[in-house]
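Have a look at query.pdb below; it lists PDB, C-alpha atoms, pLDDT in the B column.
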```pdb
ATOM      1  CA  MET O   1       0.000   0.000   0.000  1.00 62.00           C
ATOM      2  CA  THR O   2       2.801   2.416   0.908  1.00 60.00           C
ATOM      3  CA  GLY O   3       4.432   1.700  -2.457  1.00 54.00           C
ATOM      4  CA  ILE O   4       1.238   2.671  -4.291  1.00 57.00           C
ATOM      5  CA  VAL O   5       0.976   5.983  -2.404  1.00 48.00           C
ATOM      6  CA  ILE O   6       4.628   6.810  -3.116  1.00 53.00           C
ATOM      7  CA  THR O   7       4.165   5.914  -6.795  1.00 48.00           C
ATOM      8  CA  ILE O   8       1.108   8.184  -7.040  1.00 49.00           C
ATOM      9  CA  ILE O   9       3.008  11.054  -5.402  1.00 46.00           C
ATOM     10  CA  LEU O  10       5.966  10.576  -7.762  1.00 46.00           C
ATOM     11  CA  ILE O  11       3.722  10.475 -10.819  1.00 50.00           C
ATOM     12  CA  PHE O  12       1.316  13.289  -9.991  1.00 50.00           C
ATOM     13  CA  GLY O  13       3.482  15.491  -7.765  1.00 49.00           C
ATOM     14  CA  PRO O  14       5.422  17.023 -10.687  1.00 53.00           C
ATOM     15  CA  LEU O  15       2.125  17.875 -12.418  1.00 55.00           C
ATOM     16  CA  LYS O  16       1.197  20.309  -9.659  1.00 60.00           C
ATOM     17  CA  LYS O  17       1.736  23.903 -10.750  1.00 75.00           C
ATOM     18  CA  ASP O  18       3.739  26.295  -8.615  1.00 84.00           C
ATOM     19  CA  ILE O  19       1.825  29.219  -7.073  1.00 85.00           C
ATOM     20  CA  TRP O  20       3.540  31.714  -9.413  1.00 80.00           C
ATOM     21  CA  ASP O  21       2.416  29.717 -12.470  1.00 86.00           C
ATOM     22  CA  THR O  22      -1.115  29.268 -11.130  1.00 90.00           C
ATOM     23  CA  ASN O  23      -1.481  33.002 -10.454  1.00 87.00           C
ATOM     24  CA  ALA O  24       0.031  33.911 -13.825  1.00 88.00           C
ATOM     25  CA  SER O  25      -2.632  31.729 -15.480  1.00 89.00           C
ATOM     26  CA  LYS O  26      -5.375  33.399 -13.407  1.00 90.00           C
ATOM     27  CA  LEU O  27      -4.108  36.844 -14.400  1.00 85.00           C
ATOM     28  CA  GLU O  28      -3.883  35.842 -18.060  1.00 86.00           C
ATOM     29  CA  ASP O  29      -7.470  34.506 -17.963  1.00 84.00           C
ATOM     30  CA  LEU O  30      -8.661  37.762 -16.399  1.00 83.00           C
ATOM     31  CA  THR O  31      -6.722  39.790 -18.961  1.00 84.00           C
ATOM     32  CA  ASP O  32      -8.344  37.845 -21.808  1.00 81.00           C
ATOM     33  CA  SER O  33     -11.772  39.045 -20.610  1.00 82.00           C
ATOM     34  CA  LEU O  34     -10.954  42.772 -20.885  1.00 82.00           C
ATOM     35  CA  SER O  35     -12.798  45.057 -23.260  1.00 79.00           C
ATOM     36  CA  ASN O  36     -11.367  47.904 -25.316  1.00 80.00           C
ATOM     37  CA  PRO O  37     -10.509  50.613 -24.272  1.00 86.00           C
ATOM     38  CA  MET O  38     -10.458  50.493 -20.504  1.00 87.00           C
ATOM     39  CA  VAL O  39      -8.763  51.985 -17.440  1.00 90.00           C
ATOM     40  CA  ILE O  40      -7.714  50.113 -14.320  1.00 89.00           C
ATOM     41  CA  ASN O  41      -7.325  52.619 -11.498  1.00 90.00           C
ATOM     42  CA  ASP O  42      -5.912  50.282  -8.832  1.00 90.00           C
ATOM     43  CA  PHE O  43      -4.090  47.265 -10.204  1.00 90.00           C
ATOM     44  CA  SER O  44      -3.647  45.652  -6.767  1.00 89.00           C
ATOM     45  CA  LYS O  45      -7.436  45.503  -6.310  1.00 90.00           C
ATOM     46  CA  TRP O  46      -7.915  44.164  -9.842  1.00 90.00           C
ATOM     47  CA  THR O  47      -5.450  41.260  -9.786  1.00 92.00           C
ATOM     48  CA  PRO O  48      -6.894  37.844  -8.817  1.00 93.00           C
ATOM     49  CA  PHE O  49      -4.348  37.412  -6.001  1.00 93.00           C
ATOM     50  CA  GLU O  50      -2.884  39.581  -3.244  1.00 95.00           C
ATOM     51  CA  TRP O  51       0.610  41.016  -3.583  1.00 95.00           C
ATOM     52  CA  ASP O  52       2.862  43.422  -1.682  1.00 95.00           C
ATOM     53  CA  THR O  53       5.448  44.334  -4.310  1.00 96.00           C
ATOM     54  CA  LEU O  54       5.607  44.249  -8.093  1.00 95.00           C
ATOM     55  CA  TYR O  55       8.927  44.301  -9.946  1.00 96.00           C
ATOM     56  CA  SER O  56       9.189  44.894 -13.670  1.00 95.00           C
ATOM     57  CA  PHE O  57      12.646  44.120 -14.999  1.00 94.00           C
ATOM     58  CA  ALA O  58      14.234  45.829 -17.987  1.00 93.00           C
ATOM     59  CA  PRO O  59      15.064  43.663 -20.988  1.00 90.00           C
ATOM     60  CA  TYR O  60      18.247  41.606 -20.661  1.00 91.00           C
ATOM     61  CA  THR O  61      18.378  41.840 -16.847  1.00 92.00           C
ATOM     62  CA  THR O  62      20.354  38.842 -15.607  1.00 91.00           C
ATOM     63  CA  LYS O  63      18.853  36.076 -13.471  1.00 90.00           C
ATOM     64  CA  GLU O  64      21.366  36.870 -10.757  1.00 91.00           C
ATOM     65  CA  THR O  65      20.181  40.493 -10.590  1.00 93.00           C
ATOM     66  CA  ILE O  66      16.546  39.417 -10.450  1.00 92.00           C
ATOM     67  CA  TYR O  67      17.289  36.938  -7.664  1.00 92.00           C
ATOM     68  CA  GLU O  68      19.206  39.605  -5.756  1.00 93.00           C
ATOM     69  CA  VAL O  69      16.434  42.205  -6.096  1.00 93.00           C
ATOM     70  CA  VAL O  70      13.616  39.795  -5.223  1.00 91.00           C
ATOM     71  CA  GLY O  71      15.587  38.297  -2.354  1.00 90.00           C
ATOM     72  CA  TYR O  72      15.803  34.606  -3.237  1.00 83.00           C
ATOM     73  CA  LYS O  73      16.061  32.095  -6.080  1.00 84.00           C
ATOM     74  CA  TRP O  74      13.099  30.165  -7.392  1.00 78.00           C
ATOM     75  CA  ASP O  75      12.691  27.663 -10.220  1.00 73.00           C
ATOM     76  CA  HIS O  76      12.018  28.274 -13.884  1.00 74.00           C
ATOM     77  CA  ILE O  77      13.177  31.865 -14.175  1.00 82.00           C
ATOM     78  CA  SER O  78      14.426  32.955 -17.579  1.00 82.00           C
ATOM     79  CA  GLU O  79      16.216  35.989 -18.910  1.00 82.00           C
ATOM     80  CA  THR O  80      14.545  38.118 -21.550  1.00 85.00           C
ATOM     81  CA  VAL O  81      16.208  37.984 -24.945  1.00 87.00           C
ATOM     82  CA  ASN O  82      14.243  40.719 -26.689  1.00 84.00           C
ATOM     83  CA  ASP O  83      13.199  44.315 -25.934  1.00 86.00           C
ATOM     84  CA  ASN O  84       9.496  43.438 -26.204  1.00 87.00           C
ATOM     85  CA  MET O  85       9.392  40.648 -23.613  1.00 91.00           C
ATOM     86  CA  ASN O  86       7.678  40.946 -20.221  1.00 91.00           C
ATOM     87  CA  GLN O  87       9.584  40.087 -17.029  1.00 92.00           C
ATOM     88  CA  ILE O  88       7.340  40.877 -14.049  1.00 93.00           C
ATOM     89  CA  VAL O  89       7.495  39.429 -10.538  1.00 94.00           C
ATOM     90  CA  PHE O  90       4.802  39.809  -7.855  1.00 95.00           C
ATOM     91  CA  VAL O  91       5.813  39.186  -4.229  1.00 95.00           C
ATOM     92  CA  LYS O  92       3.632  38.626  -1.151  1.00 95.00           C
ATOM     93  CA  ASP O  93       5.138  38.321   2.333  1.00 94.00           C
ATOM     94  CA  GLY O  94       8.625  37.935   0.851  1.00 91.00           C
ATOM     95  CA  LYS O  95       7.703  35.092  -1.544  1.00 92.00           C
ATOM     96  CA  VAL O  96       7.138  35.114  -5.305  1.00 93.00           C
ATOM     97  CA  ILE O  97       3.440  34.523  -5.943  1.00 92.00           C
ATOM     98  CA  CYS O  98       3.218  35.425  -9.650  1.00 92.00           C
ATOM     99  CA  TYR O  99       5.797  35.474 -12.425  1.00 91.00           C
ATOM    100  CA  LEU O 100       4.926  36.904 -15.841  1.00 90.00           C
ATOM    101  CA  TYR O 101       7.487  36.177 -18.496  1.00 91.00           C
ATOM    102  CA  GLY O 102       7.517  36.046 -22.241  1.00 90.00           C
ATOM    103  CA  TYR O 103       6.539  37.580 -25.509  1.00 91.00           C
ATOM    104  CA  PRO O 104       3.223  39.474 -25.606  1.00 91.00           C
ATOM    105  CA  GLU O 105       2.128  37.213 -28.489  1.00 90.00           C
ATOM    106  CA  ASN O 106       2.331  34.211 -26.142  1.00 87.00           C
ATOM    107  CA  THR O 107       0.735  35.814 -23.075  1.00 85.00           C
ATOM    108  CA  ASN O 108      -1.749  38.131 -24.855  1.00 88.00           C
ATOM    109  CA  SER O 109      -0.478  41.007 -22.668  1.00 92.00           C
ATOM    110  CA  SER O 110       2.173  43.686 -22.872  1.00 93.00           C
ATOM    111  CA  TYR O 111       3.049  45.880 -19.892  1.00 93.00           C
ATOM    112  CA  ASN O 112       4.614  49.305 -20.395  1.00 93.00           C
ATOM    113  CA  PHE O 113       5.815  50.960 -17.175  1.00 90.00           C
ATOM    114  CA  GLY O 114       7.666  53.762 -18.964  1.00 87.00           C
ATOM    115  CA  GLU O 115      11.406  54.326 -18.971  1.00 86.00           C
ATOM    116  CA  TYR O 116      13.582  52.263 -16.658  1.00 85.00           C
ATOM    117  CA  GLU O 117      16.064  54.237 -14.568  1.00 84.00           C
ATOM    118  CA  GLY O 118      18.113  51.112 -13.963  1.00 89.00           C
ATOM    119  CA  GLU O 119      17.423  47.423 -14.302  1.00 92.00           C
ATOM    120  CA  TYR O 120      13.979  47.392 -12.735  1.00 93.00           C
ATOM    121  CA  ILE O 121      10.950  49.385 -11.602  1.00 93.00           C
ATOM    122  CA  THR O 122       9.166  48.551  -8.366  1.00 93.00           C
ATOM    123  CA  PHE O 123       5.693  49.321  -7.042  1.00 93.00           C
ATOM    124  CA  ASN O 124       4.009  48.401  -3.793  1.00 92.00           C
ATOM    125  CA  SER O 125       0.366  47.428  -3.503  1.00 91.00           C
ATOM    126  CA  GLN O 126      -0.405  50.568  -1.480  1.00 91.00           C
ATOM    127  CA  GLN O 127       0.326  52.706  -4.531  1.00 88.00           C
ATOM    128  CA  LYS O 128      -2.525  53.302  -6.946  1.00 87.00           C
ATOM    129  CA  LEU O 129      -0.944  51.572  -9.923  1.00 90.00           C
ATOM    130  CA  SER O 130      -3.123  52.583 -12.878  1.00 93.00           C
ATOM    131  CA  PHE O 131      -3.170  51.474 -16.508  1.00 92.00           C
ATOM    132  CA  ASP O 132      -4.807  52.530 -19.746  1.00 92.00           C
ATOM    133  CA  ILE O 133      -5.589  49.328 -21.602  1.00 93.00           C
ATOM    134  CA  GLU O 134      -6.023  48.984 -25.319  1.00 93.00           C
ATOM    135  CA  ILE O 135      -6.514  45.858 -27.345  1.00 92.00           C
ATOM    136  CA  GLY O 136      -4.406  45.905 -30.474  1.00 92.00           C
ATOM    137  CA  ALA O 137      -5.400  44.550 -33.864  1.00 91.00           C
ATOM    138  CA  ASP O 138      -3.135  41.619 -32.956  1.00 90.00           C
ATOM    139  CA  GLY O 139      -5.414  40.769 -29.980  1.00 89.00           C
ATOM    140  CA  ILE O 140      -2.766  41.706 -27.411  1.00 91.00           C
ATOM    141  CA  ARG O 141      -3.869  43.705 -24.354  1.00 92.00           C
ATOM    142  CA  TYR O 142      -1.518  46.677 -23.987  1.00 94.00           C
ATOM    143  CA  PHE O 143      -1.229  47.875 -20.379  1.00 94.00           C
ATOM    144  CA  ASN O 144       0.196  51.408 -20.419  1.00 94.00           C
ATOM    145  CA  TYR O 145       1.151  52.738 -17.006  1.00 94.00           C
ATOM    146  CA  ILE O 146      -0.481  56.040 -16.014  1.00 92.00           C
ATOM    147  CA  ASN O 147       2.009  58.019 -13.943  1.00 83.00           C
ATOM    148  CA  HIS O 148       0.073  60.135 -11.437  1.00 67.00           C
TER     149      HIS O 148
END
```
Could you take the file, read its structure, and then write that structure out as structure tokens?
Amino acid sequence: MTGIVITIILIFGPLKKDIWDTNASKLEDLTDSLSNPMVINDFSKWTPFEWDTLYSFAPYTTKETIYEVVGYKWDHISETVNDNMNQIVFVKDGKVICYLYGYPENTNSSYNFGEYEGEYITFNSQQKLSFDIEIGADGIRYFNYINH
């Protein structure tokens, strides 16, 4: 009996998604339901999960820098290889709870936080992070940060 339980855990355990992947899927599903045009006045209240800090990393930021900024290493992080790729990390209570990475064509979303004054931009959930959202002819939702 113990052997069967261990076998089941070994087979199905790897199929379980990490919290950052689960929340990224939830956010992508929510994003897919947006209409055009639209404004989100408080991104932290709109996201389908709670977060304390959001980091958006400039293209080509190294994994080591991201790990240093976020405060620890986690699995499956990649470096962006193109200026148009998203690299966004949401943290709650010191742990990564959502990781958005990739080309807008693959995620149906593109986030523009404006000019980077270094390798990353950070926001906390207490700030009113606002976006103008437009849906392009390509079907991608373009989130353009509104700087108050």
(message) Under the rule that only C-alpha atoms are counted, which of O:Tyr142, O:Tyr72, O:Tyr120, O:Trp20 is the nearest residue to O:Tyr60?
(response) O:Tyr120
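From atom CA of O:Glu79 back to atom CA of O:Lys63, the distance works out to 6.0 Å.
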Taking all atoms of stretch 73-76 of chain O that the file lists, what box with edges along x, y and z, padded by 3 Å per side, do you get, with centre and edge lengths in Å to one decimal, as AutoDock Vina command-line options?
```
--center_x 14.0 --center_y 29.9 --center_z -10.0 --size_x 10.0 --size_y 10.4 --size_z 13.8
```
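Interatomic distance, atom CA of O:Ile19 against atom CA of O:Leu100: 12.1 Å.
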(request) Find, counting only C-alpha atoms, the residue in O:Ser78, O:Asn108, O:Asn86, O:Asn147 that gets nearest to O:Glu134. (result) O:Asn108
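Take atom CA of O:Glu115 and atom CA of O:Phe143: the distance between them is 14.3 Å.
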Expansion of the PyMOL selection byres ((chain O and resi 145) around 10) into residues, as a compact mmCIF listing (two decimals) with C-alpha atoms, in the frame of the given file:
```txt
# COMPACT_ATOMS: atom_id res chain seq x y z
CA VAL O 39 -8.76 51.98 -17.44
CA ILE O 40 -7.71 50.11 -14.32
CA TYR O 111 3.05 45.88 -19.89
CA ASN O 112 4.61 49.30 -20.40
CA PHE O 113 5.82 50.96 -17.18
CA GLY O 114 7.67 53.76 -18.96
CA LEU O 129 -0.94 51.57 -9.92
CA SER O 130 -3.12 52.58 -12.88
CA PHE O 131 -3.17 51.47 -16.51
CA ASP O 132 -4.81 52.53 -19.75
CA ILE O 133 -5.59 49.33 -21.60
CA TYR O 142 -1.52 46.68 -23.99
CA PHE O 143 -1.23 47.88 -20.38
CA ASN O 144 0.20 51.41 -20.42
CA ILE O 146 -0.48 56.04 -16.01
CA ASN O 147 2.01 58.02 -13.94
CA HIS O 148 0.07 60.14 -11.44
```
(request) Check which residues satisfy the PyMOL selection byres ((chain O and resi 22) around 12) in the file shown, then give them as a ChimeraX atom specification. (result) /O:15-21,23-29,48-49,96-100
(message) Assuming the chain letters and numbering stay as they are in my file, what does the PyMOL selection byres ((chain O and resi 81) around 12) actually select? List them as a list in words.
(response) Ala58, Pro59, Tyr60, Thr61, Thr62, Lys63, Ser78, Glu79, Thr80, Asn82, Asp83, Asn84, Met85, Asn86, Gln87, Tyr101, Gly102 and Tyr103 of chain O
(request) Write out as JSON, numbers by chain which residues come within 6 Å of O:Leu54 when counting all atoms listed in the file, dropping same-chain ones fewer than 3 positions away. (result) {"O": [89, 90, 122, 123]}
Generate the output file for the selected residues, C-alpha atoms, as a tab-separated table (two decimals), in the frame of the given file.
```
chain	number	residue	atom	x	y	z
O	89	VAL	CA	7.50	39.43	-10.54
O	90	PHE	CA	4.80	39.81	-7.86
O	122	THR	CA	9.17	48.55	-8.37
O	123	PHE	CA	5.69	49.32	-7.04
```
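Of the residues under consideration (O:Glu105, O:Glu119, O:Asp93, O:Asp138), O:Glu119 shows the shortest atom-to-atom contact distance to O:Glu64 when counting all atoms listed in the file.
Minimum distance to O:Asp32 across O:Ser109, O:Ile121, O:Ile77, O:Ile66 (counting all atoms listed in the file) occurs at O:Ser109.
Take the candidates O:Thr31, O:Thr47, O:Ser110, O:Thr53 and check each one against O:Lys92 using all atoms listed in the file; the shortest distance goes to O:Thr53.
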(request) Would you mind telling me which residue in O:Ser44, O:Gly118, O:Tyr55, O:Ser35 lies nearest to O:Ile135 when using all atoms listed in the file? (result) O:Ser35
